[in-house]
file structure-v8.cif (mmCIF, C-alpha atoms)
data_protein
#
loop_
_atom_site.label_atom_id
_atom_site.label_comp_id
_atom_site.auth_asym_id
_atom_site.auth_seq_id
_atom_site.Cartn_x
_atom_site.Cartn_y
_atom_site.Cartn_z
CA MET W 1 -40.75 39.48 -32.47
CA ASN W 2 -38.43 42.08 -31.01
CA LYS W 3 -36.07 42.05 -28.08
CA ASN W 4 -38.54 43.37 -25.52
CA GLU W 5 -41.23 40.96 -26.63
CA PHE W 6 -38.74 38.10 -26.41
CA LEU W 7 -37.60 39.07 -22.94
CA ARG W 8 -41.15 39.54 -21.74
CA GLN W 9 -42.18 36.10 -22.97
CA LEU W 10 -39.06 34.53 -21.52
CA GLU W 11 -39.75 36.02 -18.12
CA ASN W 12 -43.31 34.67 -18.24
CA LEU W 13 -42.11 31.22 -19.16
CA LEU W 14 -39.66 31.21 -16.26
CA SER W 15 -42.18 32.46 -13.74
CA ASP W 16 -42.51 29.07 -12.08
CA LEU W 17 -38.81 28.95 -11.27
CA PRO W 18 -37.22 30.07 -7.99
CA GLU W 19 -36.82 33.82 -8.00
CA GLU W 20 -33.04 33.82 -7.91
CA GLU W 21 -32.79 31.50 -10.90
CA ARG W 22 -35.24 33.56 -12.90
CA ARG W 23 -33.53 36.79 -12.05
CA GLU W 24 -30.09 35.51 -12.97
CA ALA W 25 -31.31 34.09 -16.28
CA MET W 26 -33.10 37.33 -17.19
CA GLU W 27 -30.06 39.40 -16.25
CA TYR W 28 -27.91 37.20 -18.46
CA TYR W 29 -30.12 37.60 -21.51
CA VAL W 30 -30.78 41.32 -21.01
CA GLU W 31 -27.03 41.79 -20.84
CA TYR W 32 -26.57 39.55 -23.87
CA PHE W 33 -28.83 41.73 -26.00
CA ASP W 34 -27.12 44.86 -24.69
CA GLU W 35 -23.67 43.56 -25.59
CA ALA W 36 -24.79 42.63 -29.08
CA GLY W 37 -26.17 46.09 -29.54
CA PRO W 38 -29.32 47.21 -31.35
CA GLU W 39 -27.82 46.60 -34.77
CA LYS W 40 -27.41 42.88 -34.00
CA GLU W 41 -30.81 42.46 -32.35
CA ALA W 42 -32.35 40.51 -35.24
CA GLU W 43 -29.33 38.24 -35.45
CA VAL W 44 -29.43 37.51 -31.74
CA LEU W 45 -33.15 36.75 -31.88
CA ARG W 46 -32.45 34.28 -34.65
CA GLU W 47 -29.56 32.67 -32.77
CA LEU W 48 -31.53 32.31 -29.58
CA GLY W 49 -34.53 30.66 -31.17
CA SER W 50 -37.90 30.95 -29.49
CA PRO W 51 -38.38 32.03 -25.86
CA SER W 52 -39.90 28.63 -25.17
CA GLU W 53 -36.75 26.87 -26.38
CA VAL W 54 -34.58 29.03 -24.18
CA ALA W 55 -36.86 28.52 -21.19
CA HIS W 56 -36.99 24.80 -21.89
CA ASN W 57 -33.19 24.52 -21.89
CA ILE W 58 -32.92 26.42 -18.65
CA ARG W 59 -35.54 24.26 -17.02
CA GLU W 60 -34.00 21.01 -18.27
CA ASP W 61 -30.63 22.05 -16.94
CA LEU W 62 -32.11 22.87 -13.56
CA ALA W 63 -33.72 19.45 -13.52
CA GLY W 64 -30.25 17.99 -13.90
CA LYS W 65 -30.88 16.52 -17.31
CA GLU W 66 -28.09 16.41 -19.83
CA LEU W 67 -28.44 18.89 -22.60
CA MET W 68 -27.32 17.32 -25.85
CA VAL W 69 -25.96 19.88 -28.22
CA VAL W 70 -27.24 19.28 -31.71
CA PRO W 71 -26.36 21.16 -34.86
CA GLN W 72 -28.98 23.86 -35.30
CA ASP W 73 -30.97 22.38 -38.17
CA ALA W 74 -31.29 19.03 -36.38
CA GLU W 75 -33.50 20.71 -33.75
CA ASP W 76 -36.30 20.17 -36.23
CA GLY W 77 -36.20 16.60 -34.95
CA LYS W 78 -37.90 17.84 -31.78
CA LYS W 79 -40.61 19.47 -33.82
CA LYS W 80 -41.06 16.30 -35.84
CA GLU W 81 -41.75 14.34 -32.66
CA LYS W 82 -44.49 16.78 -31.79
CA ASN W 83 -45.92 16.40 -35.30
CA ASP W 84 -45.98 12.60 -35.02
CA GLY W 85 -47.93 12.79 -31.78
CA TRP W 86 -50.42 15.11 -33.42
CA LYS W 87 -50.78 12.76 -36.39
CA ILE W 88 -51.57 9.83 -34.11
CA ALA W 89 -54.18 11.86 -32.26
CA CYS W 90 -55.85 12.80 -35.55
CA ILE W 91 -55.93 9.18 -36.70
CA ILE W 92 -57.55 8.07 -33.46
CA LEU W 93 -60.14 10.84 -33.74
CA LEU W 94 -60.86 9.82 -37.34
CA CYS W 95 -61.42 6.20 -36.29
CA ILE W 96 -63.85 7.25 -33.59
CA PHE W 97 -65.88 9.36 -35.99
CA ALA W 98 -65.84 6.80 -38.79
CA ALA W 99 -66.90 3.95 -36.52
CA PRO W 100 -70.70 4.50 -36.74
CA VAL W 101 -70.47 4.10 -40.51
CA VAL W 102 -67.70 1.54 -40.78
CA ILE W 103 -68.91 -0.91 -38.16
CA PRO W 104 -72.38 -1.54 -39.70
CA LEU W 105 -70.74 -1.88 -43.12
CA VAL W 106 -68.32 -4.46 -41.82
CA VAL W 107 -71.12 -6.39 -40.10
CA ALA W 108 -73.20 -6.34 -43.30
CA LEU W 109 -70.27 -7.55 -45.35
CA ALA W 110 -69.56 -10.35 -42.91
CA GLY W 111 -73.21 -11.33 -42.97
CA ALA W 112 -73.22 -11.45 -46.75
CA ILE W 113 -70.14 -13.63 -46.87
CA ILE W 114 -71.58 -16.01 -44.28
CA GLY W 115 -74.83 -16.13 -46.24
CA ILE W 116 -73.03 -17.08 -49.44
CA ILE W 117 -71.07 -19.80 -47.68
CA VAL W 118 -74.20 -21.24 -46.08
CA GLY W 119 -75.96 -21.13 -49.44
CA LEU W 120 -73.17 -23.01 -51.17
CA VAL W 121 -73.00 -25.62 -48.47
CA SER W 122 -76.77 -26.08 -48.55
CA ALA W 123 -76.77 -26.44 -52.32
CA VAL W 124 -74.10 -29.11 -52.22
CA ALA W 125 -75.82 -30.92 -49.38
CA GLY W 126 -79.14 -30.62 -51.16
CA VAL W 127 -77.83 -32.10 -54.38
CA PHE W 128 -76.21 -34.90 -52.45
CA LEU W 129 -79.37 -35.70 -50.53
CA ALA W 130 -81.47 -35.56 -53.66
CA SER W 131 -79.10 -37.92 -55.41
CA CYS W 132 -79.30 -40.38 -52.53
CA LEU W 133 -83.07 -40.26 -52.51
CA MET W 134 -83.30 -40.63 -56.23
CA THR W 135 -80.97 -43.57 -56.19
CA PHE W 136 -83.18 -45.19 -53.61
CA ALA W 137 -86.36 -44.29 -55.48
CA PHE W 138 -85.08 -45.67 -58.77
CA ALA W 139 -83.86 -48.82 -57.09
CA VAL W 140 -87.26 -49.38 -55.53
CA ALA W 141 -88.98 -48.61 -58.83
CA ALA W 142 -86.69 -51.04 -60.60
CA ILE W 143 -87.57 -53.84 -58.19
CA ILE W 144 -91.32 -53.16 -58.31
CA LEU W 145 -91.34 -52.92 -62.08
CA PHE W 146 -89.33 -56.09 -62.33
CA VAL W 147 -91.75 -58.01 -60.14
CA ILE W 148 -94.85 -56.67 -61.88
CA GLY W 149 -93.15 -57.24 -65.22
CA ILE W 150 -92.54 -60.90 -64.48
CA ILE W 151 -96.18 -61.32 -63.37
CA LYS W 152 -97.53 -59.54 -66.45
CA LEU W 153 -95.37 -61.75 -68.64
CA PHE W 154 -97.78 -64.56 -67.91
CA THR W 155 -100.87 -62.52 -68.83
CA ILE W 156 -99.92 -59.86 -71.41
CA PRO W 157 -96.39 -60.76 -72.53
CA LEU W 158 -95.74 -57.51 -74.40
CA VAL W 159 -96.69 -55.39 -71.40
CA GLY W 160 -94.61 -57.66 -69.23
CA ALA W 161 -91.64 -57.24 -71.53
CA PHE W 162 -92.14 -53.49 -71.55
CA LEU W 163 -92.25 -53.35 -67.77
CA LEU W 164 -89.17 -55.50 -67.49
CA GLY W 165 -87.41 -53.16 -69.86
CA LEU W 166 -88.46 -50.18 -67.77
CA SER W 167 -87.23 -51.85 -64.64
CA LEU W 168 -83.85 -52.40 -66.25
CA VAL W 169 -83.73 -48.74 -67.16
CA CYS W 170 -84.57 -47.80 -63.59
CA ALA W 171 -81.94 -50.16 -62.32
CA GLY W 172 -79.41 -48.58 -64.61
CA VAL W 173 -80.26 -45.09 -63.42
CA ALA W 174 -80.18 -46.22 -59.83
CA LEU W 175 -76.79 -47.79 -60.33
CA LEU W 176 -75.45 -44.67 -62.02
CA LEU W 177 -76.73 -42.36 -59.32
CA GLY W 178 -75.57 -44.76 -56.64
CA PHE W 179 -72.15 -44.83 -58.18
CA LEU W 180 -71.98 -41.04 -58.22
CA VAL W 181 -73.14 -40.79 -54.61
CA VAL W 182 -70.57 -43.27 -53.45
CA LYS W 183 -67.83 -41.56 -55.45
CA PHE W 184 -68.81 -38.25 -53.88
CA LEU W 185 -68.64 -39.76 -50.43
CA LEU W 186 -65.29 -41.35 -51.02
CA VAL W 187 -63.51 -38.64 -52.98
CA ALA W 188 -65.17 -35.26 -53.10
CA LEU W 189 -66.13 -34.98 -49.45
CA PRO W 190 -62.65 -35.73 -48.07
CA ALA W 191 -61.18 -33.37 -50.68
CA ILE W 192 -63.51 -30.60 -49.57
CA CYS W 193 -62.65 -31.23 -45.93
CA ARG W 194 -58.93 -31.15 -46.70
CA GLY W 195 -59.37 -27.97 -48.67
CA ILE W 196 -61.10 -26.27 -45.75
CA TYR W 197 -58.41 -27.52 -43.38
CA LYS W 198 -55.65 -26.13 -45.60
CA LEU W 199 -57.43 -22.79 -45.85
CA CYS W 200 -57.72 -22.55 -42.08
CA LYS W 201 -54.11 -23.57 -41.67
CA ARG W 202 -52.97 -20.89 -44.09
CA ILE W 203 -54.86 -18.25 -42.21
CA PHE W 204 -53.42 -19.26 -38.86
CA VAL W 205 -49.90 -19.96 -40.08
CA ARG W 206 -49.81 -16.56 -41.72
CA LYS W 207 -50.74 -15.03 -38.40
CA GLU W 208 -47.90 -16.91 -36.73
CA ALA W 209 -45.43 -15.78 -39.37
CA LYS W 210 -46.53 -12.20 -38.91
CA ALA W 211 -46.09 -12.45 -35.17
CA MET M 1 -21.09 19.85 -38.34
CA VAL M 2 -21.77 16.14 -38.32
CA PHE M 3 -21.19 15.05 -34.74
CA ASN M 4 -23.32 15.96 -31.77
CA THR M 5 -21.61 17.49 -28.77
CA GLY M 6 -22.47 15.94 -25.44
CA ALA M 7 -22.97 18.00 -22.33
CA ALA M 8 -19.60 17.08 -20.82
CA LEU M 9 -17.67 18.07 -23.92
CA LEU M 10 -19.56 21.34 -24.10
CA ASP M 11 -18.75 22.06 -20.47
CA ALA M 12 -15.10 21.38 -21.22
CA ILE M 13 -15.08 23.67 -24.25
CA VAL M 14 -16.74 26.54 -22.42
CA LEU M 15 -14.37 26.07 -19.49
CA ALA M 16 -11.39 26.16 -21.84
CA VAL M 17 -12.66 29.29 -23.57
CA VAL M 18 -13.17 31.11 -20.26
CA SER M 19 -9.82 29.95 -18.94
CA LYS M 20 -8.00 31.62 -21.82
CA ASP M 21 -8.74 35.00 -20.28
CA LYS M 22 -7.04 35.19 -16.90
CA GLN M 23 -9.12 38.21 -15.96
CA GLY M 24 -12.30 36.44 -16.98
CA THR M 25 -14.71 37.15 -19.77
CA TYR M 26 -18.38 37.91 -20.22
CA GLY M 27 -21.33 35.94 -21.62
CA TYR M 28 -21.62 37.47 -25.03
CA ARG M 29 -17.91 37.10 -25.74
CA ILE M 30 -17.87 33.52 -24.51
CA THR M 31 -20.75 32.64 -26.83
CA GLN M 32 -19.08 34.23 -29.83
CA ASP M 33 -15.81 32.41 -29.14
CA VAL M 34 -17.51 29.06 -28.71
CA ARG M 35 -19.59 29.57 -31.83
CA GLN M 36 -16.44 30.06 -33.86
CA VAL M 37 -15.64 26.46 -33.09
CA LEU M 38 -19.02 24.79 -32.72
CA GLU M 39 -22.41 25.38 -34.25
CA VAL M 40 -24.26 25.58 -30.99
CA SER M 41 -27.49 27.33 -30.33
CA GLU M 42 -26.96 30.19 -27.96
CA SER M 43 -29.90 28.97 -25.89
CA THR M 44 -27.73 26.04 -24.81
CA LEU M 45 -24.86 28.10 -23.46
CA TYR M 46 -26.39 29.92 -20.55
CA PRO M 47 -27.28 26.62 -18.81
CA VAL M 48 -23.67 25.49 -19.28
CA LEU M 49 -22.32 28.62 -17.67
CA ARG M 50 -24.81 28.27 -14.87
CA ARG M 51 -23.82 24.64 -14.34
CA LEU M 52 -20.11 25.45 -14.21
CA GLN M 53 -20.81 28.24 -11.79
CA LYS M 54 -22.90 26.04 -9.51
CA SER M 55 -20.21 23.38 -9.49
CA ASP M 56 -17.62 25.98 -8.51
CA CYS M 57 -15.61 25.73 -11.68
CA LEU M 58 -16.40 29.32 -12.51
CA GLU M 59 -16.83 32.39 -10.35
CA VAL M 60 -18.63 35.56 -11.33
CA TYR M 61 -18.12 39.19 -10.66
CA ASP M 62 -19.88 42.25 -11.96
CA MET M 63 -18.33 45.34 -13.41
CA GLU M 64 -19.86 48.60 -14.44
CA CYS M 65 -19.08 49.25 -18.06
CA ALA M 66 -20.37 52.26 -19.98
CA GLY M 67 -23.34 52.68 -17.68
CA ARG M 68 -24.21 49.05 -18.02
CA ASN M 69 -23.62 46.11 -15.79
CA ARG M 70 -21.44 43.38 -17.15
CA ARG M 71 -21.12 39.98 -15.53
CA TYR M 72 -17.70 38.39 -15.86
CA TYR M 73 -16.96 34.69 -15.58
CA LYS M 74 -13.58 33.50 -14.39
CA THR M 75 -12.17 30.03 -13.80
CA THR M 76 -11.54 28.99 -10.23
CA GLN M 77 -8.73 26.79 -8.99
CA GLN M 78 -11.13 23.88 -9.06
CA GLY M 79 -12.16 24.87 -12.56
CA GLU M 80 -8.55 24.80 -13.71
CA GLU M 81 -8.09 21.32 -12.29
CA GLN M 82 -11.30 20.13 -13.87
CA LEU M 83 -10.09 21.56 -17.15
CA LYS M 84 -6.84 19.63 -16.86
CA GLU M 85 -8.83 16.41 -16.39
CA TYR M 86 -10.99 17.24 -19.39
CA ARG M 87 -7.86 17.83 -21.48
CA GLU M 88 -6.41 14.42 -20.58
CA GLU M 89 -9.71 12.69 -21.20
CA TRP M 90 -9.94 14.34 -24.57
CA MET M 91 -6.41 13.28 -25.53
CA ASN M 92 -7.26 9.64 -24.77
CA TYR M 93 -10.62 9.76 -26.44
CA SER M 94 -9.59 11.53 -29.62
CA GLN M 95 -6.47 9.40 -30.01
CA LYS M 96 -8.48 6.20 -29.94
CA ILE M 97 -10.93 7.51 -32.46
CA THR M 98 -8.17 8.72 -34.73
CA GLN M 99 -6.58 5.30 -34.56
CA ILE M 100 -9.78 3.59 -35.52
CA PHE M 101 -10.31 5.95 -38.42
CA GLU M 102 -6.80 5.41 -39.62
CA GLY M 103 -7.22 1.65 -39.48
CA GLY M 104 -4.90 0.86 -36.59
CA THR M 105 -5.72 -1.28 -33.57
CA VAL M 106 -6.78 0.23 -30.28
CA HIS M 107 -4.11 -0.15 -27.60
CA GLU M 108 -4.91 0.03 -23.91
#
call {"tool": "encode", "arguments": {"input": "structure-v8.cif", "output": "structure tokens"}}
result
Amino acid sequence: MNKNEFLRQLENLLSDLPEEERREAMEYYVEYFDEAGPEKEAEVLRELGSPSEVAHNIREDLAGKELMVVPQDAEDGKKKEKNDGWKIACIILLCIFAAPVVIPLVVALAGAIIGIIVGLVSAVAGVFLASCLMTFAFAVAAIILFVIGIIKLFTIPLVGAFLLGLSLVCAGVALLLGFLVVKFLLVALPAICRGIYKLCKRIFVRKEAKA
Amino acid sequence: MVFNTGAALLDAIVLAVVSKDKQGTYGYRITQDVRQVLEVSESTLYPVLRRLQKSDCLEVYDMECAGRNRRYYKTTQQGEEQLKEYREEWMNYSQKITQIFEGGTVHE
């Protein structure tokens, strides 16, 4: 940029100001360049900065705002603010464009996780139910076998003895399964419930701590 | 330079620089003189001069010089009084800061 280019741009940037203000500012800077002389033109251009900076300062002053004087290299701070705004705009744009891909992925992932949880719960419930039923079935079998066994004792003793033996076995199995079912109800189930409660608490307490 | 210069202090400095010349001085000279003391961007100085002029601390007159027009800035009576106030304020302010730096207590 040279002096004339600078002055031309400056005048453009000040065109929305009252005529007297613009004229006085332009006169000042034309005179400034003249005083410095052609040999110092480059130095002056460097000292002044960009026409937009100069125009900005003039406008701010007219608006009655305080102009803080900062050491020259700290004026990059202004540029940094502009960069941050630009960065935020880019991030928002990226989110908007990525959404069509990301949102279905997230939904699918959530669905998968829910599916696994439901599956696990069903499996546990299924095993539990099956155990209950089997306990019941074996108990019933034990009773029936016992009764028939006693009856058969009077006709074919060996068969009766065999049946009695079987009924004892069934009773044993029923007792074992029953014992397990009851233990599950008394111990495992509350433990699972407590575990879930603690997990939920951790999630919510963490949120509170973050806030 | 480590410390920023607020607008009031800058006004005071420019006023002091102009006041040194009883006949007044012109924009380019003022800028060079101020920049010997402070690292200010030149784009900040014109608004200061304009502000001082609008608040009647400085008056302007033009003089033809080597076929060119030169605008001179001179302190007014009001400007001189304002400068005196600035000087006193600065004495107070800088003394207190010096005291704090040198580890003394701040007296009213």
call {"tool": "atom_distance", "arguments": {"input": "structure-v8.cif", "atom1": "atom CA of W:Phe33", "atom2": "atom CA of M:Ala7"}}
result
24.7 Å
call {"tool": "resolve_selection", "arguments": {"input": "structure-v8.cif", "expression": "the PyMOL selection byres ((chain M and resi 60-71) around 8)", "output": "list of chain:residue names"}}
result
W:Tyr28, W:Glu31, M:Tyr26, M:Gly27, M:Gln53, M:Leu58, M:Glu59, M:Tyr72, M:Tyr73, M:Lys74
call {"tool": "resolve_selection", "arguments": {"input": "structure-v8.cif", "expression": "the PyMOL selection byres ((chain W and resi 8-16) around 7)", "output": "PyMOL selection string"}}
result
chain W and resi 4-7+17-18+22+26+51-52+55
call {"tool": "write_last_selection", "arguments": {"input": "structure-v8.cif", "atoms": "C-alpha atoms", "output": "short mmCIF file (atom, residue, chain, number, x, y, z; two decimals), in the coordinates of the input"}}
result
data_model
loop_
_atom_site.label_atom_id
_atom_site.label_comp_id
_atom_site.auth_asym_id
_atom_site.auth_seq_id
_atom_site.Cartn_x
_atom_site.Cartn_y
_atom_site.Cartn_z
CA ASN W 4 -38.54 43.37 -25.52
CA GLU W 5 -41.23 40.96 -26.63
CA PHE W 6 -38.74 38.10 -26.41
CA LEU W 7 -37.60 39.07 -22.94
CA LEU W 17 -38.81 28.95 -11.27
CA PRO W 18 -37.22 30.07 -7.99
CA ARG W 22 -35.24 33.56 -12.90
CA MET W 26 -33.10 37.33 -17.19
CA PRO W 51 -38.38 32.03 -25.86
CA SER W 52 -39.90 28.63 -25.17
CA ALA W 55 -36.86 28.52 -21.19
#
call {"tool": "resolve_selection", "arguments": {"input": "structure-v8.cif", "expression": "the PyMOL selection byres ((chain M) within 9 of (chain W))", "output": "PyMOL selection string"}}
result
chain M and resi 1-8+10+27-29+38-44+46-48+50-51+68-71
call {"tool": "atom_distance", "arguments": {"input": "structure-v8.cif", "atom1": "atom CA of M:Ile13", "atom2": "atom CA of M:Val34"}}
result
7.4 Å
call {"tool": "axis_aligned_box", "arguments": {"input": "structure-v8.cif", "around": "stretch 68-80 of chain M", "padding_each_side": "3 Å", "output": "AutoDock Vina command-line options"}}
result
--center_x -16.4 --center_y 36.5 --center_z -13.5 --size_x 21.7 --size_y 31.2 --size_z 15.0
